[in-house]
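**Q** Data: start-v4.cif, mmCIF, C-alpha atoms.
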```cif
data_input
#
loop_
_atom_site.label_atom_id
_atom_site.label_comp_id
_atom_site.auth_asym_id
_atom_site.auth_seq_id
_atom_site.Cartn_x
_atom_site.Cartn_y
_atom_site.Cartn_z
CA MET A 821 -19.42 -0.25 28.52
CA LEU A 822 -16.45 0.11 26.24
CA GLY A 823 -13.87 -2.56 25.51
CA VAL A 824 -10.54 -1.55 23.97
CA ASP A 825 -7.53 -3.72 23.21
CA ALA A 826 -4.11 -3.02 21.68
CA GLU A 827 -1.74 -5.72 20.49
CA PRO A 828 1.58 -5.74 18.65
CA HIS A 829 1.01 -6.05 14.90
CA GLY A 830 2.72 -9.39 14.50
CA PRO A 831 1.71 -13.00 14.07
CA LEU A 832 0.19 -14.91 16.94
CA PRO A 833 2.42 -17.60 18.45
CA ASP A 834 2.05 -21.10 17.00
CA ARG A 835 -1.24 -22.88 17.73
CA ILE A 836 -2.87 -19.85 19.38
CA LEU A 837 -5.21 -19.20 16.43
CA GLU A 838 -6.51 -22.77 16.68
CA ALA A 839 -7.12 -22.26 20.41
CA ILE A 840 -9.03 -18.96 20.13
CA ALA A 841 -10.83 -19.14 16.78
CA LEU A 842 -13.97 -20.92 15.72
CA PRO A 843 -13.64 -22.86 12.43
CA ARG A 844 -15.51 -20.13 10.50
CA GLU A 845 -13.23 -17.48 11.97
CA ARG A 846 -10.10 -19.43 10.94
CA ARG A 847 -11.42 -19.62 7.37
CA GLN A 848 -12.10 -15.88 7.43
CA VAL A 849 -8.57 -15.13 8.67
CA GLU A 850 -7.12 -17.25 5.84
CA ALA A 851 -9.33 -15.55 3.23
CA CYS A 852 -8.43 -12.08 4.48
CA LEU A 853 -4.74 -12.91 4.52
CA ALA A 854 -4.92 -14.08 0.91
CA ARG A 855 -6.56 -10.81 -0.15
CA TYR A 856 -5.01 -8.26 2.23
CA ARG A 857 -1.44 -9.17 3.13
CA ASP A 858 -0.60 -6.00 5.07
CA VAL A 859 -2.70 -6.92 8.14
CA ARG A 860 -2.07 -9.71 10.66
CA TRP A 861 -5.65 -10.98 10.68
CA ASP A 862 -4.94 -13.60 13.33
CA ARG A 863 -3.77 -10.90 15.75
CA LEU A 864 -6.72 -8.70 14.78
CA LEU A 865 -9.14 -11.52 15.60
CA PHE A 866 -7.45 -12.07 18.96
CA SER A 867 -7.66 -8.37 19.77
CA ALA A 868 -11.33 -8.18 18.73
CA LYS A 869 -12.18 -11.05 21.08
CA GLU A 870 -10.29 -9.34 23.90
CA SER A 871 -12.25 -6.11 23.30
CA VAL A 872 -15.52 -8.02 23.45
CA TYR A 873 -14.58 -9.54 26.79
CA LYS A 874 -13.50 -6.16 28.19
CA ALA A 875 -16.87 -4.61 27.31
CA TRP A 876 -19.04 -7.63 28.16
CA ASN A 877 -17.65 -8.64 31.54
CA PRO A 878 -18.22 -5.34 33.41
CA TYR A 879 -21.75 -5.06 31.98
CA THR A 880 -22.88 -8.61 32.73
CA GLY A 881 -20.41 -9.95 35.28
CA GLN A 882 -20.15 -12.96 32.97
CA ARG A 883 -16.84 -14.54 32.01
CA LEU A 884 -16.53 -15.24 28.29
CA GLU A 885 -14.30 -17.83 26.71
CA PHE A 886 -12.85 -17.31 23.22
CA GLU A 887 -15.48 -19.64 21.71
CA ASP A 888 -18.31 -17.55 23.24
CA ALA A 889 -17.93 -14.75 20.68
CA ASP A 890 -18.15 -15.29 16.92
CA ILE A 891 -16.32 -12.41 15.22
CA ASP A 892 -17.00 -11.29 11.67
CA ILE A 893 -14.39 -8.84 10.35
CA ASP A 894 -15.13 -6.38 7.54
CA PRO A 895 -11.71 -5.61 6.05
CA ASP A 896 -12.94 -2.76 3.86
CA ALA A 897 -15.02 -0.86 6.44
CA MET A 898 -12.49 -1.56 9.23
CA THR A 899 -15.30 -2.82 11.46
CA PHE A 900 -16.18 -6.09 13.13
CA THR A 901 -19.32 -7.66 14.53
CA ALA A 902 -19.38 -9.92 17.55
CA ARG A 903 -22.21 -12.39 17.92
CA LEU A 904 -22.37 -13.61 21.51
CA LEU A 905 -22.89 -17.37 21.72
CA ALA A 906 -22.90 -17.65 25.52
CA PRO A 907 -26.29 -17.59 27.24
CA ARG A 908 -27.04 -14.05 28.33
CA PRO A 909 -27.14 -13.79 32.11
CA ASP A 910 -29.98 -12.48 34.21
CA LEU A 911 -29.13 -8.92 35.17
CA PRO A 912 -30.42 -6.94 38.14
CA ALA A 913 -33.86 -5.37 37.93
CA GLY A 914 -33.84 -2.22 35.85
CA VAL A 915 -30.76 -3.20 33.84
CA PRO A 916 -31.68 -3.91 30.20
CA PRO A 917 -30.75 -7.36 28.90
CA ALA A 918 -27.33 -7.59 27.29
CA PRO A 919 -27.47 -7.58 23.49
CA GLY A 920 -26.57 -10.67 21.52
CA ARG A 921 -24.65 -8.71 18.92
CA LEU A 922 -22.07 -5.93 19.25
CA GLU A 923 -20.44 -3.68 16.65
CA GLY A 924 -16.79 -2.63 16.82
CA ARG A 925 -14.03 -0.90 14.89
CA TRP A 926 -10.38 -1.71 14.26
CA LEU A 927 -7.22 0.01 13.12
CA VAL A 928 -3.64 -1.02 12.36
CA SER A 929 -1.09 1.76 12.72
CA GLU A 930 2.47 2.29 13.93
CA GLY A 931 2.98 -1.44 14.56
CA VAL A 932 -0.15 -1.81 16.72
CA VAL A 933 -3.52 -3.50 16.21
CA LEU A 934 -6.23 -1.55 18.02
CA THR A 935 -9.82 -2.74 18.47
CA ALA A 936 -12.76 -1.15 20.28
CA ILE A 937 -16.32 -2.27 20.88
CA ALA A 938 -19.16 -1.05 23.07
CA VAL A 939 -22.18 -2.52 24.82
CA PRO A 940 -24.78 0.15 24.03
CA ALA A 941 -26.06 2.17 26.97
CA PRO A 942 -29.76 1.75 27.76
CA LEU A 943 -32.03 4.44 26.34
#
```
What would you get if you wrote out this structure as structure tokens?
**A**
Amino acid sequence: MLGVDAEPHGPLPDRILEAIALPRERRQVEACLARYRDVRWDRLLFSAKESVYKAWNPYTGQRLEFEDADIDIDPDAMTFTARLLAPRPDLPAGVPPAPGRLEGRWLVSEGVVLTAIAVPAPL
């Protein structure tokens, strides 16, 4: 399953970051903003979480809340890792268990933040 999200490359509305981000994620956004001022890291975090949900929900049928995914952004590699904090659901027989960690990529271009992440297909 693939999750893709696109957002305008602008700041999140007031108080949205506090509503969607775990404390560690908020610290990471602040650190990235201090070092790399050309990216709206708050919007990137929001988009990454949306991508996780879009990949996770069709695979598992499970609804995720913003606090159910802990996102770690790598500003230099333009990647992010999502660690799933929600209990992984029981899936039908023959469907491999959902992973607890997903790898994604991000890009900022032409005024848009784009994120994509995949739940790996079973081998």
**Q** Rounded to one decimal in Å, what is the spacing between atom CA of Ala936 of chain A and atom CA of Val824 of chain A?
**A**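 So the two atoms, atom CA of Ala936 of chain A and atom CA of Val824 of chain A, lie 4.3 Å apart.
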**Q** Quick one: everything within 8 Å of Pro909 of chain A, counting all atoms listed in the file, minus sequence neighbours fewer than 3 positions away in the same chain. Send it as JSON, numbers by chain.
**A** {"A": [880, 882, 918]}
**Q** Determine the residue set returned by the PyMOL selection byres ((chain A and resi 873) around 10) for the present structure, and present it as a PyMOL selection string.
**A** chain A and resi 822-825+867-872+874-879+882-886+888-889+937
**Q** Can you work out which one of A:Leu905, A:Ala913, A:Val928, A:Cys852 has the shortest atom-to-atom distance to Ile893 of chain A, counting only C-alpha atoms?
**A**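 Residue with the minimum atom-to-atom distance to Ile893 of chain A: A:Cys852.
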**Q** Using all atoms listed in the file, find the one residue out of A:Leu842, A:Leu864, A:Ile891, A:Met821 that sits nearest to Val939 of chain A.
**A** A:Met821
**Q** Output the residue selection produced by the PyMOL selection byres ((chain A and resi 849) around 9) on the file above, formatted as a PyMOL selection string.
**A** chain A and resi 844-848+850-854+860-862+865+893
**Q** For the file shown, what are the residues hit by the PyMOL selection byres ((chain A and resi 932) around 8), laid out as a PyMOL selection string?
**A** chain A and resi 826-829+928-931+933-934
**Q** Looking at only C-alpha atoms, which of A:Gly924, A:Pro833, A:Pro843, A:Pro917 is the one that sits closest to Glu887 of chain A?
**A**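 Using only C-alpha atoms, Glu887 of chain A sits closest to A:Pro843.
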**Q** With distances taken over all atoms listed in the file, which residue among A:Val859, A:Met898, A:Leu832, A:Ile840 lies nearest Trp926 of chain A?
**A** A:Met898
**Q** One decimal, Å: what's the distance from atom CA of Arg903 of chain A over to atom CA of Leu927 of chain A, could you say?
**A** 20.0 Å
**Q** Between A:Gly881, A:Arg855, A:Glu923, A:Pro940, which has the minimum distance to Thr901 of chain A (counting all atoms listed in the file)?
**A**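 Of all the options, A:Glu923 lies closest to Thr901 of chain A.
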**Q** Could you jot down the atom CA of Leu837 of chain A to atom CA of Arg908 of chain A separation for me, Å, one decimal place?
**A** 25.4 Å
**Q** Calculated over all atoms listed in the file, which of the candidates A:Arg921, A:Asp892, A:Pro831, A:Ile836 has the smallest distance to Ala906 of chain A?
**A**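 Of A:Arg921, A:Asp892, A:Pro831, A:Ile836, the one nearest Ala906 of chain A, counting all atoms listed in the file, is A:Arg921.
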**Q** Dump segment 911-936 of chain A with C-alpha atoms to a file, as a PDB file, in the first residue's frame.
**A**
```pdb
ATOM      1  CA  LEU A 911      -5.239  -9.286  10.002  1.00  0.00           C
ATOM      2  CA  PRO A 912      -6.999 -12.030   8.043  1.00  0.00           C
ATOM      3  CA  ALA A 913      -5.279 -15.387   7.674  1.00  0.00           C
ATOM      4  CA  GLY A 914      -2.553 -15.286   5.058  1.00  0.00           C
ATOM      5  CA  VAL A 915      -1.976 -11.532   5.368  1.00  0.00           C
ATOM      6  CA  PRO A 916       1.428 -10.800   6.920  1.00  0.00           C
ATOM      7  CA  PRO A 917       1.395  -8.693  10.081  1.00  0.00           C
ATOM      8  CA  ALA A 918       1.696  -4.964   9.513  1.00  0.00           C
ATOM      9  CA  PRO A 919       5.203  -3.632  10.179  1.00  0.00           C
ATOM     10  CA  GLY A 920       5.871  -1.378  13.129  1.00  0.00           C
ATOM     11  CA  ARG A 921       8.142   0.899  11.130  1.00  0.00           C
ATOM     12  CA  LEU A 922       7.756   2.457   7.684  1.00  0.00           C
ATOM     13  CA  GLU A 923      10.195   4.410   5.507  1.00  0.00           C
ATOM     14  CA  GLY A 924       9.145   7.373   3.367  1.00  0.00           C
ATOM     15  CA  ARG A 925      10.477  10.192   1.224  1.00  0.00           C
ATOM     16  CA  TRP A 926       9.661  13.891   0.964  1.00  0.00           C
ATOM     17  CA  LEU A 927      10.142  16.762  -1.433  1.00  0.00           C
ATOM     18  CA  VAL A 928       9.408  20.492  -1.439  1.00  0.00           C
ATOM     19  CA  SER A 929       9.005  22.011  -4.888  1.00  0.00           C
ATOM     20  CA  GLU A 930       6.901  24.620  -6.683  1.00  0.00           C
ATOM     21  CA  GLY A 931       5.165  25.677  -3.451  1.00  0.00           C
ATOM     22  CA  VAL A 932       4.107  22.131  -2.503  1.00  0.00           C
ATOM     23  CA  VAL A 933       5.201  19.687   0.204  1.00  0.00           C
ATOM     24  CA  LEU A 934       4.952  16.130  -1.085  1.00  0.00           C
ATOM     25  CA  THR A 935       5.380  13.008   1.058  1.00  0.00           C
ATOM     26  CA  ALA A 936       5.103   9.325   0.170  1.00  0.00           C
TER      27      ALA A 936
END
```
